[in-house]
Amino acid sequence: MKRALPLLLTVSLAACSGSGGSGSTGGTGSVPIVSPAPNPTPTPTPTPTATPTPTAAVQSQAIATFTSPWAMTFLPDGRMLVTQTGGVLRLVTQAGVLSTVTGVPTVATGGQGGLLDVAIDPAFASNRRVYLSYSESGTDGAGLAVARGTLAANDASLENVSVIWRQAPKVANDTRHFGGRIAFSPDGFLFVTAGERHQGAPAQDLAQTLGKTIRLNPDGTIPSTNPFFGTAGARAEIWALGQRNQYGLVFAQDGRLFESEMGPAGGDEFNLVTRGANYGWRIVSEGDDGEVLPRHSTRPEFAAPLVSWTPVIAPSGMIQYTGTRFIGWTNDFILAGLVSQGLVRVRVTGSTAAEVARIPLGARIREVEQGPDGTIWVLEDGASGRLLRLTPQ
């Protein structure tokens with residue numbers, strides 16, 4: 001600035017001199033005012049947005065108590081249907097008010113059998129259809145069955161109940177490994193997990209539905225697009241095979257089907273279930289069944305689990321969490337753990353998966369569901385199993 005001012009002054013005075021005549025030294029003229037360059041306004045440094053801390057603990061509120069509960073599902077109005085293995089279907093409000101829904105088929109109780117899963121039709125709001133899986137008696141023993149009925153307008157009973165599928169064959173003198181989970185695909189098909197009834201080898205036999213994932217139309221008829229439809233000697237309802245005792249079944253947000261199942265001594269599994277795939281039981285396993293079994297890595301023709309657990313967690317019900325209340329959990333799979341006595345979070349990334357956290361609850365957890373408001377609800381296992389509402393801590 002100090003060197004620019006004389007130059008500007010000289011130019012201005014020369015202009016005045018030219019207009020006032022030669023030799024004039026007293027002419028008036030204006031001297032431009034040179035303002036200092038403004039100091040630039042500093043740009044504020046943005047305050048970094050804090051990364052939310054993932055939910056690491058939960059608070060639980062006991063809502064109701066049931067006799068040996070097994071499964072639950074939410075109705076559109078926020079109430080729940082809850083199954084008890086003894087053959088009782090209960091309706092419960094979120095405040096814990098209980099009532100009984102009659103019309104349930106006669107079940108064969110004992111061991112791991114009884115009234116098992118409950119699911120509502122995707123079009124429940126208009127057709128009020130309810131689906132139940134359960135063990136039933138027959139001349140050759142007990143077997144898994146699926147029935148559907150219509151929830152009456154007064155919510156007190158199931159009407160027009162009919163059996164739409166039965167596992168074959170029935171098994172005598174063993175009350176284990178019924179499976180029994182129900183899930184609807186985004187395109188409206190009904191999927192059922194049919195356990196291998198602790199028989200082992202039949203899981204590989206396409207003439208039987210032991211140890212299989214089943215795909216049906218909602219009325220129980222068999223889709224012609226099933227992988228073994230029209231195959232001689234094969235049951236047309238089979239979607240996948242080589243499974244043991246599948247207690248979790250979930251269609252993810254991306255449309256893929258995921259399943260969790262109990263292994264023998266070790267080797268619990270979390271699987272991606274695909275059309276026609278064979279998961280290897282009882283030829284391979286990540287656990288041992290009274291003897292050391294070959295691992296999946298030795299037989300690549302069998303689909304290997306995305307995650308396996310040894311020691312076991314004894315996975316039961318399973319959801320994919322789609323809410324936002326539990327920070328960092330969105331789209332993770334939440335598995336109910338019986339032996340692990342809490343919840344197990346599994347994160348799927350593309351074609352891989354890994355356990356990311358455990359949430360201890362201090363009791364065997366039989367079932368888990370997501371509430372309409374993003375809370376998580378669980379059922380404890382056992383004769384006095386509580387319904388708990390979980391919120392972030």
# chains A, B, ... in the order shown; residues from 1 in each chain; ligands from 1
$ residues_around --residues "A:Val104" --least-positions-apart "4" --cutoff "8 Å" --atoms "only C-alpha atoms" --output "PDB file with C-alpha atoms, in the first residue's frame"
ATOM      1  CA  GLY A  87     -50.974 -77.199  22.047  1.00  0.00           C
ATOM      2  CA  VAL A  88     -52.231 -73.789  23.163  1.00  0.00           C
ATOM      3  CA  LEU A  89     -52.270 -70.657  20.994  1.00  0.00           C
ATOM      4  CA  LEU A 158     -59.335 -70.444  14.275  1.00  0.00           C
ATOM      5  CA  VAL A 161     -58.562 -75.279   9.822  1.00  0.00           C
TER       6      VAL A 161
END
$ residues_around --residues "stretch 306-319 of chain A" --least-positions-apart "6" --cutoff "9 Å" --atoms "only C-alpha atoms" --output "PyMOL selection string"
chain A and resi 70-71+181+246-252+259-272+286-287+332-341+344+346+348+351-355+365-370
$ select_by_dssp --residues "stretch 151-386 of chain A" --states "strand (DSSP E or B)" --output "ChimeraX atom specification"
/A:151,157-166,171,179-184,190-194,212-216,238-241,245-251,257-262,265,268-273,278,288,307-309,315-320,333-337,342-349,352-360,365-370,376-380,385-386
$ select_by_dssp --residues "stretch 62-267 of chain A" --states "alpha helix (DSSP H)" --output "ChimeraX atom specification"
/A:124-127
$ atom_distance --atom1 "atom CA of A:Asn127" --atom2 "atom CA of A:Asp155"
13.3 Å
$ residues_around --residues "A:Gln393" --least-positions-apart "5" --cutoff "6 Å" --atoms "only C-alpha atoms" --output "list of chain:residue names"
A:Ala57, A:Val58, A:Gln59
$ write_last_selection --atoms "all heavy atoms" --output "PDB file, in the first residue's frame"
ATOM      1  N   ALA A  57     -25.681 -52.985  25.001  1.00  0.00           N
ATOM      2  CA  ALA A  57     -26.427 -53.595  26.100  1.00  0.00           C
ATOM      3  C   ALA A  57     -27.894 -53.228  25.954  1.00  0.00           C
ATOM      4  O   ALA A  57     -28.246 -52.249  25.281  1.00  0.00           O
ATOM      5  CB  ALA A  57     -25.884 -53.124  27.449  1.00  0.00           C
ATOM      6  N   VAL A  58     -28.745 -54.015  26.569  1.00  0.00           N
ATOM      7  CA  VAL A  58     -30.181 -53.800  26.450  1.00  0.00           C
ATOM      8  C   VAL A  58     -30.820 -53.777  27.828  1.00  0.00           C
ATOM      9  O   VAL A  58     -30.262 -54.287  28.811  1.00  0.00           O
ATOM     10  CB  VAL A  58     -30.853 -54.905  25.591  1.00  0.00           C
ATOM     11  CG1 VAL A  58     -30.258 -54.936  24.193  1.00  0.00           C
ATOM     12  CG2 VAL A  58     -30.737 -56.274  26.268  1.00  0.00           C
ATOM     13  N   GLN A  59     -31.984 -53.159  27.888  1.00  0.00           N
ATOM     14  CA  GLN A  59     -32.841 -53.242  29.064  1.00  0.00           C
ATOM     15  C   GLN A  59     -34.013 -54.145  28.729  1.00  0.00           C
ATOM     16  O   GLN A  59     -34.519 -54.127  27.609  1.00  0.00           O
ATOM     17  CB  GLN A  59     -33.357 -51.855  29.450  1.00  0.00           C
ATOM     18  CG  GLN A  59     -32.265 -50.898  29.914  1.00  0.00           C
ATOM     19  CD  GLN A  59     -32.826 -49.530  30.260  1.00  0.00           C
ATOM     20  OE1 GLN A  59     -33.737 -49.051  29.591  1.00  0.00           O
ATOM     21  NE2 GLN A  59     -32.281 -48.910  31.295  1.00  0.00           N
TER      22      GLN A  59
END
$ closest_residue --among "A:Trp329, A:Tyr321, A:Phe178, A:Trp165" --to "A:Gly195" --atoms "only C-alpha atoms"
A:Phe178
$ residues_around --residues "stretch 186-192 of chain A" --least-positions-apart "3" --cutoff "7 Å" --atoms "only C-alpha atoms" --output "PyMOL selection string"
chain A and resi 180-183+213-218+255
$ closest_residue --among "A:Asn173, A:Ala125, A:Pro46, A:Thr375" --to "A:Thr324" --atoms "only C-alpha atoms"
A:Thr375
$ closest_residue --among "A:Gly350, A:Gly110, A:Pro372, A:Gly103" --to "A:Asp77" --atoms "only C-alpha atoms"
A:Pro372
$ residues_around --residues "A:Leu75" --least-positions-apart "4" --cutoff "12 Å" --atoms "only C-alpha atoms" --output "list of chain:residue names"
A:Arg79, A:Met80, A:Leu81, A:Val82, A:Leu91, A:Val92, A:Thr93, A:Gln94, A:Val118, A:Ala119, A:Ile120, A:Asp121, A:Pro122, A:Ala123, A:Phe124, A:Ala125, A:Arg128, A:Arg129, A:Val130, A:Leu151, A:Asp155, A:Glu369, A:Gln370, A:Gly371, A:Pro372
$ closest_residue --among "A:Ser157, A:Ser135, A:Thr330, A:Thr193" --to "A:Val171" --atoms "only C-alpha atoms"
A:Ser135
$ closest_residue --among "A:Pro48, A:Gly233, A:Gly242, A:Pro392" --to "A:Lys212" --atoms "only C-alpha atoms"
A:Gly242
$ residues_around --residues "A:Pro52" --least-positions-apart "3" --cutoff "10 Å" --atoms "only C-alpha atoms" --output "ChimeraX atom specification"
/A:49,55,327-328
